[in-house]
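Trainee: Have a peek at my_file-v2.txt (compact mmCIF, C-alpha atoms and all ligand atoms).
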# COMPACT_ATOMS: atom_id res chain seq x y z
CA MET A 1382 105.80 67.06 297.59
CA GLN A 1383 103.51 70.08 297.43
CA ARG A 1384 103.16 70.14 301.17
CA LYS A 1385 106.90 70.36 301.59
CA ARG A 1386 107.25 73.16 299.08
CA PHE A 1387 104.48 75.16 300.73
CA VAL A 1388 106.08 74.87 304.15
CA LEU A 1389 109.46 75.90 302.79
CA VAL A 1390 108.01 78.97 301.11
CA MET A 1391 106.39 80.04 304.38
CA ALA A 1392 109.53 79.38 306.38
CA SER A 1393 111.71 81.37 304.02
CA ALA A 1394 109.27 84.27 303.75
CA LEU A 1395 109.00 84.61 307.50
CA GLY A 1396 112.64 83.75 308.07
CA ALA A 1397 113.56 86.80 306.00
CA LEU A 1398 112.21 88.96 308.81
CA SER A 1399 115.24 88.32 310.96
CA CYS A 1400 117.85 88.45 308.18
CA GLY A 1401 119.71 91.57 307.16
CA GLY A 1402 119.58 92.79 303.59
CA THR A 1403 121.25 96.03 302.54
CA SER A 1404 122.79 97.56 305.63
CA PRO A 1405 120.75 100.64 306.62
CA ALA A 1406 123.86 102.19 308.16
CA ARG A 1407 125.76 101.83 304.89
CA ALA A 1408 122.84 103.38 303.03
CA GLY A 1409 123.07 106.37 305.39
CA ILE A 1410 119.69 105.75 307.08
CA ALA A 1411 119.25 105.26 310.83
CA PRO A 1412 118.35 101.56 311.42
CA GLU A 1413 115.18 102.45 313.29
CA ASP A 1414 113.93 104.62 310.43
CA ALA A 1415 114.68 101.91 307.87
CA ARG A 1416 112.81 99.33 309.89
CA VAL A 1417 109.73 101.51 310.32
CA ALA A 1418 109.88 102.64 306.69
CA ALA A 1419 109.87 99.02 305.48
CA ALA A 1420 106.97 98.14 307.76
CA VAL A 1421 104.94 101.16 306.66
CA SER A 1422 105.69 100.38 303.03
CA ALA A 1423 104.47 96.79 303.47
CA LEU A 1424 101.37 98.06 305.27
CA ARG A 1425 100.51 100.58 302.59
CA GLY A 1426 100.98 97.88 299.96
CA ILE A 1427 98.28 95.76 301.53
CA PHE A 1428 95.79 98.59 301.73
CA ALA A 1429 96.58 99.74 298.19
CA GLU A 1430 94.47 96.80 297.08
CA ALA A 1431 91.14 98.41 296.21
CA ALA A 1432 88.80 95.73 297.56
CA LEU A 1433 90.47 95.67 300.97
CA ALA A 1434 90.80 99.45 301.14
CA ASP A 1435 87.06 99.82 300.49
CA ALA A 1436 86.11 97.19 303.06
CA ALA A 1437 88.50 98.50 305.71
CA GLY A 1438 87.56 102.16 305.40
CA PRO A 1439 89.85 105.14 304.89
CA ASP A 1440 91.34 105.40 308.39
CA THR A 1441 92.43 101.83 309.00
CA ALA A 1442 95.91 101.89 307.46
CA GLY A 1443 96.64 105.27 309.07
CA ALA A 1444 95.61 103.99 312.51
CA ILE A 1445 97.87 100.93 312.21
CA GLU A 1446 100.76 103.09 310.99
CA ALA A 1447 100.30 105.49 313.91
CA ALA A 1448 100.33 102.59 316.38
CA ILE A 1449 103.60 101.25 314.88
CA ARG A 1450 105.23 104.68 315.04
CA ALA A 1451 104.04 105.20 318.64
CA ALA A 1452 105.65 101.99 319.95
CA PRO A 1453 108.03 100.55 317.34
CA ASP A 1454 110.23 98.49 319.68
CA ARG A 1455 107.27 96.52 321.02
CA PHE A 1456 105.96 96.11 317.47
CA PHE A 1457 109.17 94.66 316.03
CA GLU A 1458 109.70 92.49 319.10
CA LEU A 1459 106.26 90.90 318.56
CA VAL A 1460 106.82 90.54 314.80
CA ALA A 1461 110.14 88.76 315.39
CA ALA A 1462 108.70 86.46 318.07
CA ALA A 1463 105.66 85.50 315.97
CA ALA A 1464 107.82 84.88 312.89
CA ALA A 1465 110.34 82.82 314.86
CA GLU A 1466 107.68 80.54 316.34
CA SER A 1467 105.95 80.17 312.98
CA ALA A 1468 109.22 79.23 311.26
CA ALA A 1469 110.22 76.81 314.05
CA GLU A 1470 106.86 75.02 313.78
CA GLY A 1471 106.86 74.70 309.99
CA GLY A 1472 104.75 77.73 309.09
CA LEU A 1473 101.86 78.49 311.43
CA LEU A 1474 101.01 81.91 310.04
CA ALA A 1475 100.14 81.20 306.42
CA ILE A 1476 97.24 83.15 304.94
CA VAL A 1477 94.41 80.76 304.09
CA ASP A 1478 91.30 82.56 302.92
CA LYS A 1479 89.05 83.03 299.90
CA ALA A 1480 91.99 84.37 297.86
CA SER A 1481 94.77 82.08 299.14
CA ALA A 1482 94.30 78.33 298.91
CA LEU A 1483 96.31 75.39 300.18
CA PRO A 1484 97.20 72.60 297.72
CA PRO A 1485 94.71 69.68 297.77
CA ASP A 1486 97.35 67.33 299.18
CA TYR A 1487 98.53 69.70 301.89
CA GLU A 1488 98.42 68.07 305.29
CA PRO A 1489 100.49 69.33 308.23
CA GLY A 1490 103.27 66.93 309.18
CA ASP A 1491 102.86 67.42 312.92
CA LEU A 1492 99.21 66.55 313.59
CA VAL A 1493 98.46 65.01 316.98
CA SER A 1494 95.25 63.41 318.24
CA LEU A 1495 93.21 65.29 320.81
CA ASN A 1496 92.56 61.88 322.40
CA ASP A 1497 96.12 62.04 323.72
CA TYR A 1498 95.39 65.24 325.64
CA PRO A 1499 93.04 65.77 328.58
CA LEU A 1500 90.71 67.95 326.51
CA ALA A 1501 86.95 67.52 326.10
CA ALA A 1502 86.04 66.77 322.48
CA THR A 1503 82.61 66.09 320.97
CA ARG A 1504 84.09 63.40 318.69
CA LYS A 1505 86.98 60.97 318.82
CA ASP A 1506 88.86 61.67 315.62
CA LEU A 1507 89.99 65.27 316.12
CA ARG A 1508 93.56 66.11 315.17
CA ILE A 1509 95.45 69.40 315.37
CA ARG A 1510 99.04 70.58 315.01
CA LYS A 1511 101.24 69.88 318.00
CA ALA A 1512 102.00 73.51 318.88
CA VAL A 1513 98.27 74.28 318.73
CA ALA A 1514 97.35 71.32 320.95
CA GLU A 1515 99.83 72.46 323.56
CA ALA A 1516 98.50 76.01 323.50
CA ALA A 1517 94.96 74.61 323.76
CA LEU A 1518 95.99 72.64 326.82
CA ARG A 1519 97.23 75.82 328.54
CA MET A 1520 94.04 77.65 327.55
CA ASP A 1521 91.85 74.80 328.76
CA ALA A 1522 93.58 74.73 332.17
CA ALA A 1523 93.00 78.47 332.59
CA ALA A 1524 89.36 78.11 331.56
CA ARG A 1525 88.82 75.29 334.08
CA ALA A 1526 90.42 77.42 336.80
CA ASP A 1527 87.78 80.04 335.98
CA GLY A 1528 85.01 77.43 336.14
CA VAL A 1529 84.55 77.27 332.35
CA ARG A 1530 84.45 74.05 330.34
CA LEU A 1531 85.64 74.18 326.75
CA GLN A 1532 84.44 71.53 324.31
CA PHE A 1533 86.36 71.03 321.08
CA ALA A 1534 84.03 70.18 318.18
CA SER A 1535 86.22 70.47 315.06
CA ALA A 1536 89.94 70.78 314.37
CA TYR A 1537 92.05 69.71 311.35
CA ARG A 1538 89.97 68.97 308.26
CA SER A 1539 91.43 67.50 305.08
CA TYR A 1540 90.76 68.96 301.63
CA GLU A 1541 88.45 66.03 300.84
CA TYR A 1542 86.51 66.44 304.07
CA GLN A 1543 86.07 70.16 303.44
CA ASP A 1544 84.98 69.42 299.88
CA GLY A 1545 82.21 67.13 301.14
CA LEU A 1546 81.19 69.61 303.83
CA PHE A 1547 80.94 72.53 301.41
CA LYS A 1548 79.00 70.46 298.88
CA ARG A 1549 76.45 69.47 301.53
CA TYR A 1550 75.98 73.09 302.59
CA ALA A 1551 75.75 74.22 298.96
CA ALA A 1552 73.06 71.60 298.27
CA SER A 1553 70.97 72.97 301.15
CA TYR A 1554 71.62 76.70 300.92
CA GLY A 1555 72.98 77.33 297.41
CA GLU A 1556 76.65 77.98 296.72
CA GLU A 1557 76.61 81.72 297.29
CA GLU A 1558 74.95 81.53 300.69
CA ALA A 1559 77.04 78.52 301.73
CA SER A 1560 80.25 80.40 300.91
CA ARG A 1561 79.37 83.03 303.52
CA PHE A 1562 79.80 80.53 306.36
CA SER A 1563 81.72 77.59 304.92
CA ALA A 1564 85.07 77.59 303.13
CA ARG A 1565 85.52 75.94 299.77
CA PRO A 1566 88.06 73.09 299.78
CA GLY A 1567 91.65 74.34 300.02
CA LYS A 1568 90.50 77.62 301.52
CA SER A 1569 89.77 76.50 305.07
CA GLN A 1570 91.97 77.40 308.04
CA HIS A 1571 91.04 73.96 309.33
CA GLN A 1572 93.16 72.36 306.58
CA LEU A 1573 96.19 74.27 307.90
CA GLY A 1574 95.64 72.46 311.20
CA THR A 1575 95.64 75.65 313.26
CA ALA A 1576 91.91 76.24 313.83
CA PHE A 1577 89.39 74.91 316.34
CA ASP A 1578 85.62 75.15 316.48
CA PHE A 1579 84.14 75.03 319.96
CA ALA A 1580 80.78 73.43 320.71
CA PRO A 1581 78.09 74.37 320.04
CA ILE A 1582 79.01 75.35 316.46
CA ASP A 1583 76.28 77.96 316.16
CA ASP A 1584 75.49 81.51 317.26
CA GLY A 1585 74.43 80.16 320.64
CA PHE A 1586 78.11 79.67 321.51
CA ALA A 1587 78.52 83.42 322.01
CA GLU A 1588 75.88 83.28 324.74
CA THR A 1589 77.59 80.50 326.71
CA LYS A 1590 80.15 80.97 329.48
CA ALA A 1591 82.72 79.37 327.17
CA GLY A 1592 81.83 81.85 324.43
CA ALA A 1593 82.29 84.85 326.69
CA TRP A 1594 85.47 83.41 328.19
CA THR A 1595 87.18 82.59 324.88
CA LYS A 1596 86.31 85.99 323.44
CA ASP A 1597 88.05 87.69 326.38
CA ASN A 1598 90.88 85.24 327.07
CA ALA A 1599 91.83 83.18 324.01
CA ALA A 1600 94.36 85.77 322.84
CA ARG A 1601 96.46 85.24 325.98
CA PHE A 1602 97.09 81.71 324.72
CA GLY A 1603 97.71 82.67 321.11
CA PHE A 1604 94.21 82.16 319.69
CA SER A 1605 92.35 84.68 317.57
CA MET A 1606 88.69 84.79 316.52
CA SER A 1607 89.08 84.67 312.74
CA TYR A 1608 85.64 85.96 311.79
CA PRO A 1609 84.40 88.55 314.29
CA GLU A 1610 80.95 90.11 314.30
CA GLY A 1611 80.21 92.61 311.53
CA MET A 1612 83.44 91.96 309.61
CA GLU A 1613 82.18 89.92 306.65
CA PRO A 1614 83.40 92.44 304.02
CA ILE A 1615 86.93 92.05 305.43
CA THR A 1616 87.08 88.40 306.51
CA GLY A 1617 84.79 86.98 303.83
CA TYR A 1618 82.66 85.17 306.41
CA VAL A 1619 79.76 85.88 308.70
CA TRP A 1620 80.44 86.07 312.45
CA GLU A 1621 81.71 82.75 313.77
CA SER A 1622 81.98 83.16 317.54
CA TRP A 1623 83.13 79.52 317.85
CA HIS A 1624 86.03 79.52 315.34
CA PHE A 1625 89.50 80.35 316.68
CA ARG A 1626 92.81 80.13 314.89
CA TYR A 1627 96.16 79.80 316.64
CA VAL A 1628 98.42 82.69 315.60
CA THR A 1629 101.09 82.34 318.36
CA ARG A 1630 100.96 84.38 321.56
CA ALA A 1631 103.10 87.14 320.09
CA GLY A 1632 100.89 87.16 316.98
CA ALA A 1633 97.73 87.47 319.06
CA ALA A 1634 99.24 90.39 320.97
CA LEU A 1635 100.37 91.99 317.71
CA GLU A 1636 96.89 91.61 316.25
CA ARG A 1637 95.22 93.24 319.25
CA GLU A 1638 97.74 96.00 319.95
CA TYR A 1639 98.49 97.11 316.40
CA PHE A 1640 95.99 95.68 313.92
CA GLY A 1641 92.68 96.53 315.60
CA GLY A 1642 92.02 92.89 316.44
CA VAL A 1643 91.74 91.94 312.77
CA GLN A 1644 93.58 88.71 312.03
CA ARG A 1645 93.57 89.23 308.29
CA TYR A 1646 95.44 92.56 308.51
CA MET A 1647 98.12 91.05 310.70
CA LEU A 1648 98.65 87.95 308.54
CA GLU A 1649 98.78 89.97 305.35
CA PHE A 1650 101.22 92.39 306.95
CA LEU A 1651 103.55 89.58 308.06
CA ALA A 1652 103.54 88.08 304.57
CA ALA A 1653 104.22 91.45 302.92
CA TYR A 1654 106.84 92.51 305.48
CA GLY A 1655 108.60 89.15 305.21
CA LYS A 1656 109.39 90.02 301.62
CA ALA A 1657 110.21 93.70 302.29
CA ALA A 1658 112.13 93.56 305.58
CA PRO A 1659 115.32 95.69 305.50
ZN ZN B 1 85.79 76.59 311.96
Starting from the file, give its structure as structure tokens.
Ligand SMILES: [Zn+2]
Mentor:
Amino acid sequence: MQRKRFVLVMASALGALSCGGTSPARAGIAPEDARVAAAVSALRGIFAEAALADAAGPDTAGAIEAAIRAAPDRFFELVAAAAAESAAEGGLLAIVDKASALPPDYEPGDLVSLNDYPLAATRKDLRIRKAVAEAALRMDAAARADGVRLQFASAYRSYEYQDGLFKRYAASYGEEEASRFSARPGKSQHQLGTAFDFAPIDDGFAETKAGAWTKDNAARFGFSMSYPEGMEPITGYVWESWHFRYVTRAGAALEREYFGGVQRYMLEFLAAYGKAAP
């Protein structure tokens, strides 16, 4: 029940991006200006939140705004494409972080087993959403063509699994330290079924060929490193070179070209703009 409601909320929020509200022409505003004004308003709303504004620094919102104004057609094309794919796949772009949790019984309805795909996994029971598995397959083929072998070590994790995982880390490191590198139950991107961890799940991954390759190439296939180096005040987590979330190909391009490569800014913008779109 809760799962269904969550998906519907996401679909309607993002679906609003392509729907017309008050006609800009009737209001006497050029359509282009109205579109940019709504986007800038949504953007400023996000950065009006004191904690994020402090973490992001004073120039971040201005830089994103300037990028939108410099190439608005490309921007809105990517927003529409990302929103359309997310809506078609039952909500791929939900914010799941320390402030936004999934319900305990949320489980994506379209999980597939990695065993059914020619992908290398470190364990047999990995599941991921169908759209993400197919994107992973395209990414894996490109990596192989470049002589790189990707190994998938973690994918979808249920609320209960995440609960056990976090409790084990908290027992070893204390809750505060554990929460810097492990999500509390309900707050993991893995529960959304859109995130992979590559092996090895440690800082050594960044030093491997696969680590270098995914950092440079994953975006071409719609994957984004959720917790980049030195971004803990913004992402809430220490650098996780091995953790990638699928954000659609258009979303990954949007993130890189307009949002400084910061997934959180892009996802928060899409959520805010979905409600404010003209
Ligand atoms: Zn992860």
Trainee: Taking only C-alpha atoms and all ligand atoms into account, report as a PyMOL selection string which residues have an atom no farther than 8 Å from an atom of ligand ZN 1 (chain B).
Mentor: chain A and resi 1535-1536+1569-1571+1576-1578+1621+1623-1625
Trainee: For the residues in the current selection, export C-alpha atoms as a CSV table (one decimal), keeping the file's coordinate frame.
Mentor:
chain,number,residue,atom,x,y,z
A,1535,SER,CA,86.2,70.5,315.1
A,1536,ALA,CA,89.9,70.8,314.4
A,1569,SER,CA,89.8,76.5,305.1
A,1570,GLN,CA,92.0,77.4,308.0
A,1571,HIS,CA,91.0,74.0,309.3
A,1576,ALA,CA,91.9,76.2,313.8
A,1577,PHE,CA,89.4,74.9,316.3
A,1578,ASP,CA,85.6,75.2,316.5
A,1621,GLU,CA,81.7,82.8,313.8
A,1623,TRP,CA,83.1,79.5,317.8
A,1624,HIS,CA,86.0,79.5,315.3
A,1625,PHE,CA,89.5,80.4,316.7
Trainee: Report, in Å to a single decimal, how far apart atom CA of A:Ile1449 and atom CA of A:Pro1412 are.
Mentor: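 Atom-to-atom, atom CA of A:Pro1412 and atom CA of A:Ile1449 are spaced 15.2 Å apart.
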Trainee: Got a sec: who's within 8 Å of A:Leu1474, counting all atoms listed in the file, leaving out chain neighbours fewer than 5 positions off, as a list in words?
Mentor: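 Returned residues: Ala1464, Ser1467, Val1628 and Leu1648 of chain A.
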Trainee: Produce the centre coordinates and the three edge lengths, each in Å to one decimal, of the box along x, y and z that contains all listed atoms of stretch 1623-1637 of chain A with 3 Å added on each side, as JSON.
Mentor:
{"center_x": 93.1, "center_y": 86.4, "center_z": 318.2, "size_x": 26.0, "size_y": 19.7, "size_z": 12.7}
Trainee: Between A:Asp1506, A:Glu1636, A:Glu1613, A:Glu1446, single out the one closest to A:Ala1463, counting only C-alpha atoms.
Mentor: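 So, comparing all the options, the nearest one is A:Glu1636.
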Trainee: Which of these, A:Ala1436, A:Ala1564, A:Val1417, A:Ile1476, has the shortest distance to A:Asp1454 once you count all atoms listed in the file?
Mentor: A:Val1417
Trainee: Would you compute the distance between atom CA of A:Ser1494 and atom CA of A:Arg1508? Give it in Å to one decimal.
Mentor: 4.4 Å
Trainee: Check the smallest atom-to-atom distance from each of A:Ser1539, A:Arg1645, A:Leu1651, A:Leu1500 to A:Phe1579 using only C-alpha atoms, then report the winner.
Mentor: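 Among the listed residues, the smallest separation from A:Phe1579 belongs to A:Leu1500.
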Trainee: Given the point (84.2, 71.6, 303.6) in the file's coordinates, find the residues that have an atom at most 7 Å from it, counting all atoms listed in the file, and give them as a list in words.
Mentor: Tyr1542, Gln1543, Asp1544, Gly1545, Leu1546, Phe1547, Ser1563, Ala1564, Arg1565 and Pro1566 of chain A
Trainee: What separation in Å, quoted to one decimal, exists between atom CA of A:Tyr1646 and atom CA of A:Met1612?
Mentor: 12.1 Å
Trainee: Please identify all polymer residues lying at most 10 Å from the point (106.5, 85.5, 316.2) (file coordinates), using all atoms listed in the file, and present the result as an MDAnalysis selection string.
Mentor: chainID A and resid 1395 1398 1457:1469 1473:1474 1628:1635 1651
Trainee: Can you give me N, CA and C atoms for stretch 1545-1573 of chain A, written as a PDB file, in the coordinates of the input?
Mentor:
ATOM      1  N   GLY A1545      83.501  67.753 300.855  1.00  0.00           N
ATOM      2  CA  GLY A1545      82.210  67.130 301.140  1.00  0.00           C
ATOM      3  C   GLY A1545      81.313  68.047 301.960  1.00  0.00           C
ATOM      4  N   LEU A1546      81.940  68.704 302.945  1.00  0.00           N
ATOM      5  CA  LEU A1546      81.190  69.610 303.830  1.00  0.00           C
ATOM      6  C   LEU A1546      80.582  70.761 303.020  1.00  0.00           C
ATOM      7  N   PHE A1547      81.425  71.384 302.188  1.00  0.00           N
ATOM      8  CA  PHE A1547      80.940  72.530 301.410  1.00  0.00           C
ATOM      9  C   PHE A1547      79.841  72.097 300.439  1.00  0.00           C
ATOM     10  N   LYS A1548      80.016  70.933 299.838  1.00  0.00           N
ATOM     11  CA  LYS A1548      79.000  70.460 298.880  1.00  0.00           C
ATOM     12  C   LYS A1548      77.656  70.224 299.570  1.00  0.00           C
ATOM     13  N   ARG A1549      77.717  69.693 300.787  1.00  0.00           N
ATOM     14  CA  ARG A1549      76.450  69.470 301.530  1.00  0.00           C
ATOM     15  C   ARG A1549      75.768  70.794 301.842  1.00  0.00           C
ATOM     16  N   TYR A1550      76.560  71.774 302.298  1.00  0.00           N
ATOM     17  CA  TYR A1550      75.980  73.090 302.590  1.00  0.00           C
ATOM     18  C   TYR A1550      75.432  73.731 301.316  1.00  0.00           C
ATOM     19  N   ALA A1551      76.181  73.608 300.219  1.00  0.00           N
ATOM     20  CA  ALA A1551      75.750  74.220 298.960  1.00  0.00           C
ATOM     21  C   ALA A1551      74.451  73.601 298.458  1.00  0.00           C
ATOM     22  N   ALA A1552      74.295  72.280 298.697  1.00  0.00           N
ATOM     23  CA  ALA A1552      73.060  71.600 298.270  1.00  0.00           C
ATOM     24  C   ALA A1552      71.860  72.131 299.052  1.00  0.00           C
ATOM     25  N   SER A1553      72.079  72.477 300.317  1.00  0.00           N
ATOM     26  CA  SER A1553      70.970  72.970 301.150  1.00  0.00           C
ATOM     27  C   SER A1553      70.710  74.460 300.983  1.00  0.00           C
ATOM     28  N   TYR A1554      71.779  75.248 300.861  1.00  0.00           N
ATOM     29  CA  TYR A1554      71.620  76.700 300.920  1.00  0.00           C
ATOM     30  C   TYR A1554      71.932  77.416 299.606  1.00  0.00           C
ATOM     31  N   GLY A1555      72.483  76.682 298.631  1.00  0.00           N
ATOM     32  CA  GLY A1555      72.980  77.330 297.410  1.00  0.00           C
ATOM     33  C   GLY A1555      74.426  77.729 297.644  1.00  0.00           C
ATOM     34  N   GLU A1556      75.203  77.741 296.568  1.00  0.00           N
ATOM     35  CA  GLU A1556      76.650  77.980 296.720  1.00  0.00           C
ATOM     36  C   GLU A1556      76.976  79.343 297.307  1.00  0.00           C
ATOM     37  N   GLU A1557      76.254  80.364 296.850  1.00  0.00           N
ATOM     38  CA  GLU A1557      76.610  81.720 297.290  1.00  0.00           C
ATOM     39  C   GLU A1557      76.387  81.885 298.791  1.00  0.00           C
ATOM     40  N   GLU A1558      75.240  81.412 299.260  1.00  0.00           N
ATOM     41  CA  GLU A1558      74.950  81.530 300.690  1.00  0.00           C
ATOM     42  C   GLU A1558      75.900  80.641 301.500  1.00  0.00           C
ATOM     43  N   ALA A1559      76.143  79.432 301.009  1.00  0.00           N
ATOM     44  CA  ALA A1559      77.040  78.520 301.730  1.00  0.00           C
ATOM     45  C   ALA A1559      78.432  79.117 301.878  1.00  0.00           C
ATOM     46  N   SER A1560      78.891  79.853 300.864  1.00  0.00           N
ATOM     47  CA  SER A1560      80.250  80.400 300.910  1.00  0.00           C
ATOM     48  C   SER A1560      80.392  81.550 301.899  1.00  0.00           C
ATOM     49  N   ARG A1561      79.284  81.996 302.481  1.00  0.00           N
ATOM     50  CA  ARG A1561      79.370  83.030 303.520  1.00  0.00           C
ATOM     51  C   ARG A1561      79.733  82.435 304.875  1.00  0.00           C
ATOM     52  N   PHE A1562      79.499  81.131 305.044  1.00  0.00           N
ATOM     53  CA  PHE A1562      79.800  80.530 306.360  1.00  0.00           C
ATOM     54  C   PHE A1562      80.631  79.257 306.269  1.00  0.00           C
ATOM     55  N   SER A1563      80.914  78.795 305.056  1.00  0.00           N
ATOM     56  CA  SER A1563      81.720  77.590 304.920  1.00  0.00           C
ATOM     57  C   SER A1563      82.766  77.801 303.828  1.00  0.00           C
ATOM     58  N   ALA A1564      84.001  77.390 304.113  1.00  0.00           N
ATOM     59  CA  ALA A1564      85.070  77.590 303.130  1.00  0.00           C
ATOM     60  C   ALA A1564      85.009  76.522 302.049  1.00  0.00           C
ATOM     61  N   ARG A1565      85.357  76.924 300.842  1.00  0.00           N
ATOM     62  CA  ARG A1565      85.520  75.940 299.770  1.00  0.00           C
ATOM     63  C   ARG A1565      86.782  75.131 300.071  1.00  0.00           C
ATOM     64  N   PRO A1566      86.879  73.923 299.505  1.00  0.00           N
ATOM     65  CA  PRO A1566      88.060  73.090 299.780  1.00  0.00           C
ATOM     66  C   PRO A1566      89.350  73.813 299.403  1.00  0.00           C
ATOM     67  N   GLY A1567      90.372  73.663 300.241  1.00  0.00           N
ATOM     68  CA  GLY A1567      91.650  74.340 300.020  1.00  0.00           C
ATOM     69  C   GLY A1567      91.710  75.706 300.663  1.00  0.00           C
ATOM     70  N   LYS A1568      90.539  76.254 301.004  1.00  0.00           N
ATOM     71  CA  LYS A1568      90.500  77.620 301.520  1.00  0.00           C
ATOM     72  C   LYS A1568      90.073  77.683 302.986  1.00  0.00           C
ATOM     73  N   SER A1569      90.166  76.539 303.662  1.00  0.00           N
ATOM     74  CA  SER A1569      89.770  76.500 305.070  1.00  0.00           C
ATOM     75  C   SER A1569      90.988  76.543 305.981  1.00  0.00           C
ATOM     76  N   GLN A1570      90.912  77.375 307.020  1.00  0.00           N
ATOM     77  CA  GLN A1570      91.970  77.400 308.040  1.00  0.00           C
ATOM     78  C   GLN A1570      92.066  76.057 308.746  1.00  0.00           C
ATOM     79  N   HIS A1571      90.992  75.280 308.688  1.00  0.00           N
ATOM     80  CA  HIS A1571      91.040  73.960 309.330  1.00  0.00           C
ATOM     81  C   HIS A1571      92.030  73.039 308.614  1.00  0.00           C
ATOM     82  N   GLN A1572      92.205  73.213 307.295  1.00  0.00           N
ATOM     83  CA  GLN A1572      93.160  72.360 306.580  1.00  0.00           C
ATOM     84  C   GLN A1572      94.603  72.671 307.004  1.00  0.00           C
ATOM     85  N   LEU A1573      94.847  73.900 307.432  1.00  0.00           N
ATOM     86  CA  LEU A1573      96.190  74.270 307.900  1.00  0.00           C
ATOM     87  C   LEU A1573      96.494  73.644 309.270  1.00  0.00           C
TER      88      LEU A1573
END
